[in-house]
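Undergrad: Let me give you the structure first, and then I'll get to my questions.
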Amino acid sequence: MTETIGVVPHKERHDEPRATSPSWFIAKLNPVSRFIGAMLLCVPMFLSLDVVSASTALLIDFALLWIGGVNPLMVLRRTWMVWIAAVGSFVSVTLYGTASGAILFRFGLMAVSEGSLYAGAATFLRVAAIAVPGVIFALGLDPTDLADGLVQILHLPSKFVYGGLAGMRMVTLLQDDWRALGLSRRSRGLGDGSAIRRVFMQAFSLLVVSIRRGTKLATAMEARGFGGDAPRSQARTSRLHGVDWLFYLICMAIPAVALLLAYRTGYWHWSFRN
Amino acid sequence: MTDIQSSAVKKHSNKWRVVDIVVAAIIAVASGVIFWAWDLIYAVPIGIFDSLTPGLGGLFDFMWLFAGPLAAIIVRKPGAALFAETVAALIEALMGNPFGIGGSLIVGMFQGLGAEIGFAVFAYKKWNIVSVTLAGALTGLFNGAYDWLTHSGWTVLQGSTFTICCVISGAVMGGAFMWVVQFALAKTGVLDRFESGRAQELV
C-alpha cells in the first residue's frame with residue numbers, strides 16, 4: 001500500500017507577508033532604528049522627575065503613534081503591562097518616598113506626604129512615558145532583520161549575533177518541548193504533586209533538552225563553515241535610509257520639547273537631588 | 001590516553017567556540033522566556049512586599065538575575081554573562097514586557113555588566129561557587145542601583161533596603177543556586193563538551 005503525499009515546490013509556495021509593525025511608519029524603519037530611537041526617547045527622561053515633562057512626552061507619544069497608524073485604544077490594549085508596572089512604582093514612591101509638605105497619612109514606616117504623592121504621580125507618568133513607545137516599537141519586530149542590522153549597521157561581531165539568532169529560533173521548539181515533556185512525564189506518572197515542584201523539575205528537563213539540542217546545532221553550524229576565520233558575506237543588505245534619520249530627529253525632539261516645557265513652566269526637578 | 005584527557009580537562013581556554021556561543025544563546029533565550037513569564041505575574045508578589053514594607057520586594061528580583069551567572073558558569077568564557085543577560089533582556093522586550101525596549105535592554109546590560117565583573121575580578125580564572133555567588137550579588141547590586149536611579153523619589157531607607165534585598169536575592173538564588181543547577185546539569189552529561197561538564201569526571 002503506497003500513500004502519496006503532495007508537496008508544493010518551495011518556489012511555488014507563497015506566504016502572506018507578515019506586518020513588521022502595526023504602524024506603517026515604524027514598519028518602514030530599519031529594526032536597529034527602533035532600538036536607537038527607544039534609547040533616544042527614554043534616556044533624557046531620567047533627568048527630571050516632574051509631572052509636566054512626563055505627561056507632555058506621554059501625550060506627544062500618543063499623538064504621534066496615532067498619526068503613525070496606532071490609535072490610542074490599541075496603544076492602551078497593547079501596553080496593559082506597562083500600566084501595572086507604573087502603578088507599582090506609584091505605590092512604592094508614594095508610601096516610601098522622601099516626605100515633604102503636609103503629611104496626609106502615616107502608618108508604621110509608611111508616610112504619604114504631599115511631596116511623595118507628587119513624586120509618585122510623576123514616577124507613574126514617567127514610567128509610562130518611557131515604556132509605552134518602547135513596547136509599541138517592539139511589536140512585530142523580525143529577529144532576522146534585527147540581526148542583519150546589528151551586524152551591518154552597528155558592526156557587532158557576526159558570530160555572536162547570528163549565534164544568538166540561532167538560539168532565538170529555538171523559542172518555538174522550546175514551546176513544543178515543554179508540551180512533550182509534560183505529556184511524557186504524565187504518562188510515567190510523574191508530576192501529580194505540587195505545581196511549583198512540577199514546574200521546577202520540568203524546567204530543568206527543558207534546560208537539559210535545549211542544551212543537548214544546542215550542542216548538536218553548533219556542530220551542524222560548524223560543519224557548514226560558521227565560525228571560521230574567513231570574512232563573512234551578507235545575503236541580505238541592511239541600510240539606514242532618510243526615514244530612519246527622520247525618526248531619530250523625532251525621538252530626540254520629544255524629550256527635548258517635554259523637558260524644555262517643564263523648565264519654562266518651573267516644574268523641572270533634577271532627578272538626582274532630594 | 002589518560003594523559004591527553006587530563007590535559008584537556010586542566011587547560012582553560014578563554015577563546016569562544018561556536019558551541020559556547022550557541023549554548024550561551026540558548027540559555028539566554030530560555031531565561032528570557034522565564035523573565036517574560038515573570039513580567040506577567042511579578043506585580044503581585046513584588047507589589048505586595050513593596051507596599052507593605054520599604055523595599056523587601058527586591059527579594060523577588062532574582063527571577064531577572066540568573067541568566068548571566070548561569071550562562072557564564074556553564075560556558076566559562078569572558079563576556080558570557082553580559083552576552084546572556086543582554087540577549088535574555090532582548091527576548092523579554094521582543095515578547096512584550098512592561099518596560100519597553102529601552103527600559104528592559106538598559107537594565108539587562110546593567111545586570112550583565114554586574115555579573116561580568118564578578119568573574120572578571122578573578123581574571124576569568126576562578127569558575128566556582130565563590131565567583132558565581134559574587135557575580136549574582138553584583139547582578140543584584142546593579143539591578144538595585146538602576147531601580148533606585150529610576151525611582152529617585154525613594155527615601156534612602158527604601159532605596160538601600162531594596163538594593164540590599166536585590167543583592168541578597170542575586171547572591172543566593174541568582175548566583176549560588178545556579179552553581180547547584182550547573183552541577184546537576186553536568187551530572188546528566190549534557191555539558192560534556194564544556195569544561196564545566198568535565199570537571200566532575202576528574203574526581
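Ligands are numbered from 1 in the order shown, residues from 1 within each chain, and chains are lettered A, B, ... in the order they appear in the C-alpha cells.
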Using only C-alpha atoms, determine which residues of chain B fall within 7 Å of chain A; present them as a ChimeraX atom specification.
TA: /B:18-19,21-23,25-26,29,43,47,50-51,54,93-94,96-103,150-155,158,185,190
Undergrad: Store the residues picked out above in a file with N, CA and C atoms, as a JSON list (two decimals), in the first residue's frame.
TA:
[["chain", "number", "residue", "atom", "x", "y", "z"],
["B", 18, "VAL", "N", 32.11, 27.85, 18.66],
["B", 18, "VAL", "CA", 30.73, 28.00, 18.21],
["B", 18, "VAL", "C", 29.75, 27.43, 19.23],
["B", 19, "VAL", "N", 30.13, 26.29, 19.81],
["B", 19, "VAL", "CA", 29.22, 25.65, 20.77],
["B", 19, "VAL", "C", 29.01, 26.53, 22.01],
["B", 21, "ILE", "N", 28.98, 29.84, 22.00],
["B", 21, "ILE", "CA", 28.06, 30.92, 21.62],
["B", 21, "ILE", "C", 26.63, 30.41, 21.56],
["B", 22, "VAL", "N", 26.44, 29.26, 20.89],
["B", 22, "VAL", "CA", 25.08, 28.76, 20.69],
["B", 22, "VAL", "C", 24.45, 28.36, 22.03],
["B", 23, "VAL", "N", 25.21, 27.68, 22.87],
["B", 23, "VAL", "CA", 24.63, 27.24, 24.15],
["B", 23, "VAL", "C", 24.37, 28.44, 25.07],
["B", 25, "ALA", "N", 23.61, 31.34, 24.06],
["B", 25, "ALA", "CA", 22.42, 31.99, 23.49],
["B", 25, "ALA", "C", 21.16, 31.23, 23.86],
["B", 26, "ILE", "N", 21.24, 29.90, 23.85],
["B", 26, "ILE", "CA", 20.04, 29.12, 24.16],
["B", 26, "ILE", "C", 19.66, 29.27, 25.64],
["B", 29, "VAL", "N", 18.03, 32.57, 25.86],
["B", 29, "VAL", "CA", 16.68, 32.60, 25.31],
["B", 29, "VAL", "C", 15.70, 31.96, 26.30],
["B", 43, "ALA", "N", 4.10, 41.60, 39.48],
["B", 43, "ALA", "CA", 3.47, 42.74, 40.15],
["B", 43, "ALA", "C", 2.77, 42.30, 41.43],
["B", 47, "GLY", "N", 4.71, 43.74, 44.30],
["B", 47, "GLY", "CA", 3.82, 44.83, 44.67],
["B", 47, "GLY", "C", 3.40, 44.74, 46.12],
["B", 50, "ASP", "N", 6.47, 45.34, 48.36],
["B", 50, "ASP", "CA", 6.95, 46.72, 48.28],
["B", 50, "ASP", "C", 5.96, 47.71, 48.88],
["B", 51, "SER", "N", 4.68, 47.32, 48.97],
["B", 51, "SER", "CA", 3.76, 48.28, 49.57],
["B", 51, "SER", "C", 3.63, 48.05, 51.08],
["B", 54, "PRO", "N", 9.22, 48.74, 53.21],
["B", 54, "PRO", "CA", 10.04, 49.53, 52.30],
["B", 54, "PRO", "C", 11.10, 48.67, 51.63],
["B", 93, "ALA", "N", 12.02, 41.84, 25.90],
["B", 93, "ALA", "CA", 11.45, 43.03, 25.28],
["B", 93, "ALA", "C", 10.67, 42.67, 24.02],
["B", 94, "LEU", "N", 11.20, 41.73, 23.23],
["B", 94, "LEU", "CA", 10.54, 41.39, 21.97],
["B", 94, "LEU", "C", 9.23, 40.65, 22.22],
["B", 96, "GLY", "N", 7.24, 41.34, 24.54],
["B", 96, "GLY", "CA", 6.29, 42.31, 25.05],
["B", 96, "GLY", "C", 6.32, 42.35, 26.56],
["B", 97, "ASN", "N", 6.92, 43.38, 27.12],
["B", 97, "ASN", "CA", 7.03, 43.43, 28.58],
["B", 97, "ASN", "C", 6.68, 44.81, 29.09],
["B", 98, "PRO", "N", 6.63, 45.00, 30.41],
["B", 98, "PRO", "CA", 6.16, 46.30, 30.91],
["B", 98, "PRO", "C", 7.21, 47.41, 30.86],
["B", 99, "PHE", "N", 8.40, 47.16, 30.39],
["B", 99, "PHE", "CA", 9.44, 48.19, 30.48],
["B", 99, "PHE", "C", 9.86, 48.74, 29.13],
["B", 100, "GLY", "N", 9.36, 48.14, 28.05],
["B", 100, "GLY", "CA", 9.70, 48.64, 26.73],
["B", 100, "GLY", "C", 11.10, 48.25, 26.31],
["B", 101, "ILE", "N", 11.47, 48.64, 25.09],
["B", 101, "ILE", "CA", 12.79, 48.30, 24.58],
["B", 101, "ILE", "C", 13.87, 48.93, 25.44],
["B", 102, "GLY", "N", 13.74, 50.24, 25.67],
["B", 102, "GLY", "CA", 14.78, 50.96, 26.40],
["B", 102, "GLY", "C", 14.95, 50.42, 27.81],
["B", 103, "GLY", "N", 13.85, 50.42, 28.57],
["B", 103, "GLY", "CA", 13.91, 50.01, 29.97],
["B", 103, "GLY", "C", 14.48, 48.62, 30.14],
["B", 150, "THR", "N", 16.08, 55.15, 38.79],
["B", 150, "THR", "CA", 14.85, 55.48, 38.07],
["B", 150, "THR", "C", 13.70, 55.79, 39.02],
["B", 151, "HIS", "N", 13.86, 55.46, 40.30],
["B", 151, "HIS", "CA", 12.85, 55.85, 41.30],
["B", 151, "HIS", "C", 13.51, 56.82, 42.26],
["B", 152, "SER", "N", 13.91, 57.97, 41.72],
["B", 152, "SER", "CA", 14.70, 58.87, 42.54],
["B", 152, "SER", "C", 13.86, 59.49, 43.66],
["B", 153, "GLY", "N", 12.55, 59.26, 43.64],
["B", 153, "GLY", "CA", 11.74, 59.79, 44.73],
["B", 153, "GLY", "C", 11.85, 59.00, 46.03],
["B", 154, "TRP", "N", 12.45, 57.80, 45.96],
["B", 154, "TRP", "CA", 12.55, 56.95, 47.14],
["B", 154, "TRP", "C", 13.37, 57.61, 48.25],
["B", 155, "THR", "N", 13.01, 57.27, 49.51],
["B", 155, "THR", "CA", 13.87, 57.70, 50.61],
["B", 155, "THR", "C", 15.11, 56.80, 50.62],
["B", 158, "GLN", "N", 14.20, 53.28, 51.87],
["B", 158, "GLN", "CA", 13.58, 52.43, 50.85],
["B", 158, "GLN", "C", 14.60, 51.99, 49.81],
["B", 185, "LEU", "N", 23.23, 19.75, 36.01],
["B", 185, "LEU", "CA", 23.29, 19.62, 34.55],
["B", 185, "LEU", "C", 24.49, 18.78, 34.14],
["B", 190, "VAL", "N", 24.96, 16.50, 29.66],
["B", 190, "VAL", "CA", 24.81, 17.41, 28.52],
["B", 190, "VAL", "C", 25.94, 18.43, 28.43]]
Undergrad: Which residues come within 8 Å of B:Asn143, counting only C-alpha atoms, excluding same-chain residues fewer than 4 positions away, as an mmCIF file with all heavy atoms, in the first residue's frame?
TA:
data_model
loop_
_atom_site.group_PDB
_atom_site.id
_atom_site.type_symbol
_atom_site.label_atom_id
_atom_site.label_comp_id
_atom_site.auth_asym_id
_atom_site.auth_seq_id
_atom_site.Cartn_x
_atom_site.Cartn_y
_atom_site.Cartn_z
ATOM 1 N N VAL B 107 18.478 47.926 31.574
ATOM 2 C CA VAL B 107 18.658 47.233 32.847
ATOM 3 C C VAL B 107 19.328 45.875 32.617
ATOM 4 O O VAL B 107 20.160 45.432 33.407
ATOM 5 C CB VAL B 107 17.327 47.121 33.634
ATOM 6 C CG1 VAL B 107 16.382 46.129 33.017
ATOM 7 C CG2 VAL B 107 17.584 46.743 35.081
ATOM 8 N N PHE B 110 22.988 46.489 32.260
ATOM 9 C CA PHE B 110 23.478 46.839 33.594
ATOM 10 C C PHE B 110 23.726 45.565 34.404
ATOM 11 O O PHE B 110 24.784 45.367 34.981
ATOM 12 C CB PHE B 110 22.400 47.667 34.309
ATOM 13 C CG PHE B 110 22.798 49.084 34.576
ATOM 14 C CD1 PHE B 110 22.930 49.976 33.526
ATOM 15 C CD2 PHE B 110 23.020 49.536 35.873
ATOM 16 C CE1 PHE B 110 23.283 51.292 33.775
ATOM 17 C CE2 PHE B 110 23.383 50.847 36.117
ATOM 18 C CZ PHE B 110 23.505 51.727 35.060
ATOM 19 N N GLN B 111 22.709 44.687 34.432
ATOM 20 C CA GLN B 111 22.807 43.450 35.207
ATOM 21 C C GLN B 111 23.937 42.580 34.663
ATOM 22 O O GLN B 111 24.718 42.012 35.425
ATOM 23 C CB GLN B 111 21.486 42.677 35.142
ATOM 24 C CG GLN B 111 20.358 43.356 35.872
ATOM 25 C CD GLN B 111 18.994 42.839 35.430
ATOM 26 O OE1 GLN B 111 18.862 42.181 34.406
ATOM 27 N NE2 GLN B 111 17.975 43.149 36.204
ATOM 28 N N THR B 139 25.123 41.339 40.137
ATOM 29 C CA THR B 139 23.965 41.497 39.256
ATOM 30 C C THR B 139 22.841 42.183 40.025
ATOM 31 O O THR B 139 22.207 43.116 39.540
ATOM 32 C CB THR B 139 23.473 40.127 38.752
ATOM 33 O OG1 THR B 139 24.590 39.365 38.322
ATOM 34 C CG2 THR B 139 22.492 40.275 37.618
ATOM 35 N N ASP B 147 17.268 50.586 39.626
ATOM 36 C CA ASP B 147 15.909 50.893 40.073
ATOM 37 C C ASP B 147 15.879 52.120 40.971
ATOM 38 O O ASP B 147 14.948 52.910 40.927
ATOM 39 C CB ASP B 147 15.313 49.679 40.815
ATOM 40 C CG ASP B 147 14.717 48.690 39.843
ATOM 41 O OD1 ASP B 147 14.886 48.897 38.631
ATOM 42 O OD2 ASP B 147 14.096 47.705 40.286
ATOM 43 N N THR B 163 17.917 47.783 47.474
ATOM 44 C CA THR B 163 19.170 47.373 46.841
ATOM 45 C C THR B 163 19.799 46.191 47.580
ATOM 46 O O THR B 163 20.254 45.232 46.959
ATOM 47 C CB THR B 163 20.158 48.564 46.784
ATOM 48 O OG1 THR B 163 19.477 49.664 46.172
ATOM 49 C CG2 THR B 163 21.387 48.234 45.981
ATOM 50 N N CYS B 166 18.009 43.098 46.759
ATOM 51 C CA CYS B 166 18.382 42.629 45.421
ATOM 52 C C CYS B 166 19.714 41.885 45.473
ATOM 53 O O CYS B 166 19.886 40.860 44.809
ATOM 54 C CB CYS B 166 18.522 43.803 44.445
ATOM 55 S SG CYS B 166 16.978 44.441 43.868
#
Undergrad: Check stretch 76-181 of chain A with DSSP on the backbone and list each residue it calls alpha helix (DSSP H), as a ChimeraX atom specification.
TA: /A:76-78,80-96,114-138,143-152,158-168,171-181
Undergrad: Restricting it to C-alpha atoms, dump the selection as a compact mmCIF listing (two decimals), in the first residue's frame.
TA:
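Everything below was put into result_32.txt:
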# COMPACT_ATOMS: atom_id res chain seq x y z
CA LEU A 76 -3.60 51.03 25.70
CA ARG A 77 -4.53 47.46 24.85
CA ARG A 78 -1.01 46.55 23.82
CA TRP A 80 -1.53 46.92 29.71
CA MET A 81 1.56 45.51 31.42
CA VAL A 82 3.17 48.95 31.44
CA TRP A 83 0.32 50.43 33.44
CA ILE A 84 0.50 47.70 36.07
CA ALA A 85 4.25 48.32 36.46
CA ALA A 86 3.58 52.06 36.65
CA VAL A 87 1.04 51.54 39.45
CA GLY A 88 3.65 49.52 41.37
CA SER A 89 6.14 52.37 41.03
CA PHE A 90 3.50 54.88 42.09
CA VAL A 91 2.67 52.90 45.24
CA SER A 92 6.29 52.41 46.33
CA VAL A 93 7.26 56.05 45.78
CA THR A 94 4.09 57.42 47.38
CA LEU A 95 4.41 55.27 50.50
CA TYR A 96 8.18 55.34 50.91
CA GLU A 114 2.16 65.97 49.55
CA GLY A 115 5.70 65.70 48.26
CA SER A 116 5.78 61.92 48.00
CA LEU A 117 2.33 61.85 46.39
CA TYR A 118 3.57 64.28 43.75
CA ALA A 119 6.77 62.28 43.21
CA GLY A 120 4.67 59.10 42.94
CA ALA A 121 2.43 60.64 40.30
CA ALA A 122 5.46 61.93 38.38
CA THR A 123 7.13 58.50 38.55
CA PHE A 124 3.91 56.84 37.33
CA LEU A 125 3.74 59.16 34.31
CA ARG A 126 7.47 58.86 33.60
CA VAL A 127 7.44 55.04 33.71
CA ALA A 128 4.56 55.11 31.21
CA ALA A 129 6.19 57.79 29.01
CA ILE A 130 9.40 55.75 28.82
CA ALA A 131 7.87 52.31 28.32
CA VAL A 132 4.81 52.92 26.10
CA PRO A 133 6.69 53.88 22.90
CA GLY A 134 9.28 51.16 23.58
CA VAL A 135 6.63 48.45 23.80
CA ILE A 136 4.91 49.62 20.61
CA PHE A 137 8.26 49.77 18.76
CA ALA A 138 8.98 46.14 19.65
CA PRO A 143 14.67 38.89 14.66
CA THR A 144 16.47 38.07 11.40
CA ASP A 145 16.16 41.65 10.13
CA LEU A 146 17.37 42.84 13.51
CA ALA A 147 20.40 40.54 13.39
CA ASP A 148 21.29 41.79 9.88
CA GLY A 149 21.10 45.36 11.13
CA LEU A 150 23.17 44.69 14.24
CA VAL A 151 25.95 43.20 12.11
CA GLN A 152 25.90 45.59 9.17
CA SER A 158 28.63 38.50 13.49
CA LYS A 159 29.45 35.21 15.23
CA PHE A 160 27.69 36.34 18.39
CA VAL A 161 24.77 37.98 16.63
CA TYR A 162 23.96 35.03 14.37
CA GLY A 163 24.72 32.56 17.16
CA GLY A 164 22.22 34.47 19.27
CA LEU A 165 19.74 34.44 16.39
CA ALA A 166 20.10 30.67 16.12
CA GLY A 167 19.28 30.44 19.81
CA MET A 168 16.29 32.71 19.34
CA VAL A 171 11.80 29.56 21.18
CA THR A 172 9.09 27.79 19.18
CA LEU A 173 10.86 24.46 19.66
CA LEU A 174 11.05 25.11 23.39
CA GLN A 175 7.29 25.52 23.48
CA ASP A 176 6.81 22.15 21.75
CA ASP A 177 9.38 20.54 24.05
CA TRP A 178 7.60 21.88 27.10
CA ARG A 179 4.34 20.25 25.97
CA ALA A 180 6.05 16.97 25.05
CA LEU A 181 7.89 16.84 28.38
Undergrad: For the contact check between stretch 55-167 of chain B and stretch 176-183 of chain B, emit one row per residue of stretch 55-167 of chain B within 6 Å, containing the shortest atom pair and the distance in Å rounded to one decimal, counting only C-alpha atoms, chain then rising number order, as CSV.
TA:
residue,atom,partner,partner_atom,distance
B:Leu70,CA,B:Met178,CA,5.5
B:Ile129,CA,B:Trp179,CA,5.9
B:Thr133,CA,B:Ala176,CA,4.9
Undergrad: Can you pull out every residue from stretch 57-131 of chain A that DSSP, working from the backbone, puts in strand (DSSP E or B), and format the result as JSON, numbers by chain?
TA: {"A": [97, 103, 104, 105, 106, 107, 110, 111, 112, 113]}
